[in-house]
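Working notes, beginning with the structure itself.
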Amino acid sequence: MRIGELAALVGVSPRTVRHYHHLGLLPEPVRLANGYREYGLRDAVILARVRRLTELGLSLDEIRDVLGPGDRGGDLREVLMELDADLARQQEAIGARRERLAALLAEEDLGPDSTVSPGLAAVLREIPAEGSRSAELDRELLTLLDGVTDPVARDRMLGLIRPLTEPEALA
């Protein structure tokens with residue numbers, strides 16, 4: 001079969017097949033007298049494996065490692081276990097984002113301070129929104145820091161700021 005037929009059979013484009021040749025994922029087939037590539041069943045099987053592994057989320061480098069010379073199967077289980085762990089972390093992060101989104105959607109009055117982390121939102125609620133230009137600048141700086149710091153540093157920052165929201169400190 002020709003490259004277009006192979007690509008259609010497996011569900012990829014001829015360009016993808018050529019790219020996989022270039023990367024060494026798919027061996028170059030025999031060329032006919034007219035220069036056309038002639039593919040066989042074995043090529044279709046290899047291409048289908050590569051496609052399935054990319055659909056699972058493996059990178060082309062990982063696929064090359066696990067399929068390797070002689071189609072040994074390499075460290076497929078180990079790579080798939082790493083992929084599964086990565087997907088679990090992503091799923092957990094998505095769950096946390098959805099919880100935060102649900103909390104935002106549950107608020108009656110969404111305002112500029114609503115999109116900050118829950119910890120900073122609690123601190124900002126305790127600080128008067130109106131007041132001096134300095135206080136407004138402080139709120140803006142805290143909002144900026146909340147968005148650009150990692151969670152550990154953000155929690156440390158909030159721990160330092162929370163005592164300043166106590167009534168006696170505000171007075």
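Residue numbering restarts at 1 for every chain of the structure tokens, chains are lettered A, B, ... in their displayed order, and ligands are numbered from 1 as they appear.
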
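Residues of range 12-80 of chain A that DSSP, applied to the backbone, places in strand (DSSP E or B): Val30, Arg31, Arg37 and Glu38 of chain A.
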
Export of the given selection (C-alpha atoms) as a PDB file, in the first residue's frame:
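The new file again04.pdb reads:
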```
ATOM      1  CA  VAL A  30      11.160  -0.338   0.310  1.00  0.00           C
ATOM      2  CA  ARG A  31      10.740   2.057  -2.587  1.00  0.00           C
ATOM      3  CA  ARG A  37       7.126   3.956  -0.787  1.00  0.00           C
ATOM      4  CA  GLU A  38       5.538   0.525  -0.509  1.00  0.00           C
TER       5      GLU A  38
END
```

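CA of Asp86 in chain A to CA of Glu62 in chain A spans 14.2 Å [interatomic distance, one decimal].
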
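Excluding Arg77 in chain A itself and same-chain residues fewer than 5 positions from it, the residues having an atom within 10 Å of it are Val66, Glu82 and Leu83 of chain A, counting only C-alpha atoms.
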
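Distance annotation: of A:Leu158, A:Leu47, A:Glu92, A:Leu58, the residue with the minimal separation from Ser13 in chain A is A:Leu47; atom set is only C-alpha atoms.
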
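Interatomic distance, CA of Val10 in chain A to CA of Ala48 in chain A: 5.7 Å.
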
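Separating CA of Met1 in chain A from CA of Tyr39 in chain A is a distance of 5.1 Å.
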
Could you make a table, as CSV, of the residues of range 88-125 of chain A that have an atom within 12 Å of an atom of range 147-153 of chain A, each with its nearest atom pair and distance in Å to one decimal, counting only C-alpha atoms, in chain and number order?
```
residue,atom,partner,partner_atom,distance
A:Asp113,CA,A:Gly147,CA,11.5
A:Thr115,CA,A:Gly147,CA,9.4
A:Val116,CA,A:Gly147,CA,7.1
A:Ser117,CA,A:Gly147,CA,8.1
A:Pro118,CA,A:Pro151,CA,11.5
A:Gly119,CA,A:Pro151,CA,10.5
A:Leu120,CA,A:Gly147,CA,10.3
```

Problem - Residues of chain A in alpha helix (DSSP H), written as number ranges by chain - result: A: 3-10, 14-23, 41-56, 60-67, 76-106, 118-126, 133-148, 151-161, 167-170

Restrict the selected residues to C-alpha atoms and save them as an mmCIF file, in the first residue's frame.
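File produced: part.cif:
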```cif
data_model
loop_
_atom_site.group_PDB
_atom_site.id
_atom_site.type_symbol
_atom_site.label_atom_id
_atom_site.label_comp_id
_atom_site.auth_asym_id
_atom_site.auth_seq_id
_atom_site.Cartn_x
_atom_site.Cartn_y
_atom_site.Cartn_z
ATOM 1 C CA ILE A 3 1.607 6.283 2.084
ATOM 2 C CA GLY A 4 -1.868 7.801 1.663
ATOM 3 C CA GLU A 5 -3.518 4.402 2.043
ATOM 4 C CA LEU A 6 -1.440 3.590 5.121
ATOM 5 C CA ALA A 7 -2.199 6.964 6.682
ATOM 6 C CA ALA A 8 -5.936 6.607 6.017
ATOM 7 C CA LEU A 9 -5.974 3.061 7.397
ATOM 8 C CA VAL A 10 -4.407 4.117 10.692
ATOM 9 C CA PRO A 14 0.749 11.245 5.187
ATOM 10 C CA ARG A 15 2.741 14.123 6.660
ATOM 11 C CA THR A 16 2.619 12.402 10.061
ATOM 12 C CA VAL A 17 3.912 9.174 8.494
ATOM 13 C CA ARG A 18 6.834 11.077 6.939
ATOM 14 C CA HIS A 19 7.523 12.777 10.282
ATOM 15 C CA TYR A 20 7.629 9.401 12.037
ATOM 16 C CA HIS A 21 10.106 8.201 9.402
ATOM 17 C CA HIS A 22 12.260 11.241 10.081
ATOM 18 C CA LEU A 23 12.186 10.572 13.844
ATOM 19 C CA LEU A 41 1.099 -4.950 7.230
ATOM 20 C CA ARG A 42 4.052 -4.653 9.621
ATOM 21 C CA ASP A 43 4.307 -0.909 8.902
ATOM 22 C CA ALA A 44 0.590 -0.489 9.595
ATOM 23 C CA VAL A 45 0.935 -2.336 12.922
ATOM 24 C CA ILE A 46 3.884 -0.167 14.027
ATOM 25 C CA LEU A 47 2.099 3.022 12.972
ATOM 26 C CA ALA A 48 -1.061 1.972 14.819
ATOM 27 C CA ARG A 49 0.994 1.331 17.984
ATOM 28 C CA VAL A 50 2.605 4.754 17.745
ATOM 29 C CA ARG A 51 -0.790 6.374 17.261
ATOM 30 C CA ARG A 52 -2.291 4.556 20.276
ATOM 31 C CA LEU A 53 0.622 5.551 22.485
ATOM 32 C CA THR A 54 0.401 9.204 21.413
ATOM 33 C CA GLU A 55 -3.326 9.127 22.180
ATOM 34 C CA LEU A 56 -2.459 7.961 25.698
ATOM 35 C CA LEU A 60 7.350 10.767 20.637
ATOM 36 C CA ASP A 61 10.687 10.424 22.458
ATOM 37 C CA GLU A 62 9.080 8.146 25.052
ATOM 38 C CA ILE A 63 7.476 6.102 22.297
ATOM 39 C CA ARG A 64 10.819 5.712 20.544
ATOM 40 C CA ASP A 65 12.326 4.493 23.828
ATOM 41 C CA VAL A 66 9.611 1.946 24.590
ATOM 42 C CA LEU A 67 9.220 0.587 21.072
ATOM 43 C CA LEU A 76 6.507 0.461 28.602
ATOM 44 C CA ARG A 77 5.035 -0.407 31.995
ATOM 45 C CA GLU A 78 7.301 2.078 33.783
ATOM 46 C CA VAL A 79 6.547 4.844 31.282
ATOM 47 C CA LEU A 80 2.809 4.159 31.498
ATOM 48 C CA MET A 81 2.953 4.202 35.303
ATOM 49 C CA GLU A 82 4.696 7.599 35.186
ATOM 50 C CA LEU A 83 2.053 8.834 32.748
ATOM 51 C CA ASP A 84 -0.707 7.567 35.040
ATOM 52 C CA ALA A 85 0.832 9.371 38.024
ATOM 53 C CA ASP A 86 1.136 12.556 35.983
ATOM 54 C CA LEU A 87 -2.497 12.300 34.897
ATOM 55 C CA ALA A 88 -3.543 11.747 38.528
ATOM 56 C CA ARG A 89 -1.707 14.952 39.521
ATOM 57 C CA GLN A 90 -3.381 16.829 36.681
ATOM 58 C CA GLN A 91 -6.772 15.442 37.686
ATOM 59 C CA GLU A 92 -6.212 16.560 41.267
ATOM 60 C CA ALA A 93 -5.206 20.041 40.095
ATOM 61 C CA ILE A 94 -8.295 20.236 37.884
ATOM 62 C CA GLY A 95 -10.455 19.164 40.836
ATOM 63 C CA ALA A 96 -8.967 21.920 42.994
ATOM 64 C CA ARG A 97 -9.539 24.480 40.228
ATOM 65 C CA ARG A 98 -13.150 23.353 39.847
ATOM 66 C CA GLU A 99 -13.702 23.676 43.618
ATOM 67 C CA ARG A 100 -12.307 27.218 43.504
ATOM 68 C CA LEU A 101 -14.480 28.013 40.498
ATOM 69 C CA ALA A 102 -17.557 26.654 42.280
ATOM 70 C CA ALA A 103 -16.752 28.840 45.297
ATOM 71 C CA LEU A 104 -16.437 31.890 43.046
ATOM 72 C CA LEU A 105 -19.706 31.109 41.289
ATOM 73 C CA ALA A 106 -21.430 30.731 44.666
ATOM 74 C CA PRO A 118 -9.217 32.161 49.253
ATOM 75 C CA GLY A 119 -6.678 33.036 51.944
ATOM 76 C CA LEU A 120 -5.959 36.466 50.522
ATOM 77 C CA ALA A 121 -9.657 37.064 49.876
ATOM 78 C CA ALA A 122 -10.278 36.514 53.607
ATOM 79 C CA VAL A 123 -7.482 38.962 54.473
ATOM 80 C CA LEU A 124 -8.730 41.581 52.015
ATOM 81 C CA ARG A 125 -12.259 41.354 53.454
ATOM 82 C CA GLU A 126 -10.829 42.442 56.801
ATOM 83 C CA ARG A 133 -4.094 55.836 48.416
ATOM 84 C CA SER A 134 -1.435 53.890 50.310
ATOM 85 C CA ALA A 135 -4.018 51.310 51.451
ATOM 86 C CA GLU A 136 -5.278 50.917 47.882
ATOM 87 C CA LEU A 137 -1.707 50.396 46.676
ATOM 88 C CA ASP A 138 -1.164 47.818 49.427
ATOM 89 C CA ARG A 139 -4.251 45.884 48.242
ATOM 90 C CA GLU A 140 -3.019 45.979 44.656
ATOM 91 C CA LEU A 141 0.470 44.788 45.635
ATOM 92 C CA LEU A 142 -0.964 41.964 47.736
ATOM 93 C CA THR A 143 -3.168 40.935 44.803
ATOM 94 C CA LEU A 144 -0.152 40.943 42.492
ATOM 95 C CA LEU A 145 1.954 38.913 44.924
ATOM 96 C CA ASP A 146 -0.904 36.451 45.335
ATOM 97 C CA GLY A 147 -0.932 35.821 41.603
ATOM 98 C CA VAL A 148 2.806 35.415 41.045
ATOM 99 C CA PRO A 151 1.461 28.438 47.165
ATOM 100 C CA VAL A 152 4.017 27.895 49.951
ATOM 101 C CA ALA A 153 5.363 31.450 49.720
ATOM 102 C CA ARG A 154 1.800 32.784 49.434
ATOM 103 C CA ASP A 155 0.758 30.973 52.643
ATOM 104 C CA ARG A 156 3.858 32.320 54.412
ATOM 105 C CA MET A 157 3.034 35.851 53.198
ATOM 106 C CA LEU A 158 -0.580 35.516 54.393
ATOM 107 C CA GLY A 159 0.633 34.278 57.774
ATOM 108 C CA LEU A 160 2.633 37.489 58.153
ATOM 109 C CA ILE A 161 -0.219 39.724 57.002
ATOM 110 C CA PRO A 167 -9.000 45.168 65.024
ATOM 111 C CA GLU A 168 -6.267 46.540 67.280
ATOM 112 C CA ALA A 169 -3.779 46.559 64.409
ATOM 113 C CA LEU A 170 -6.266 48.300 62.124
#
```
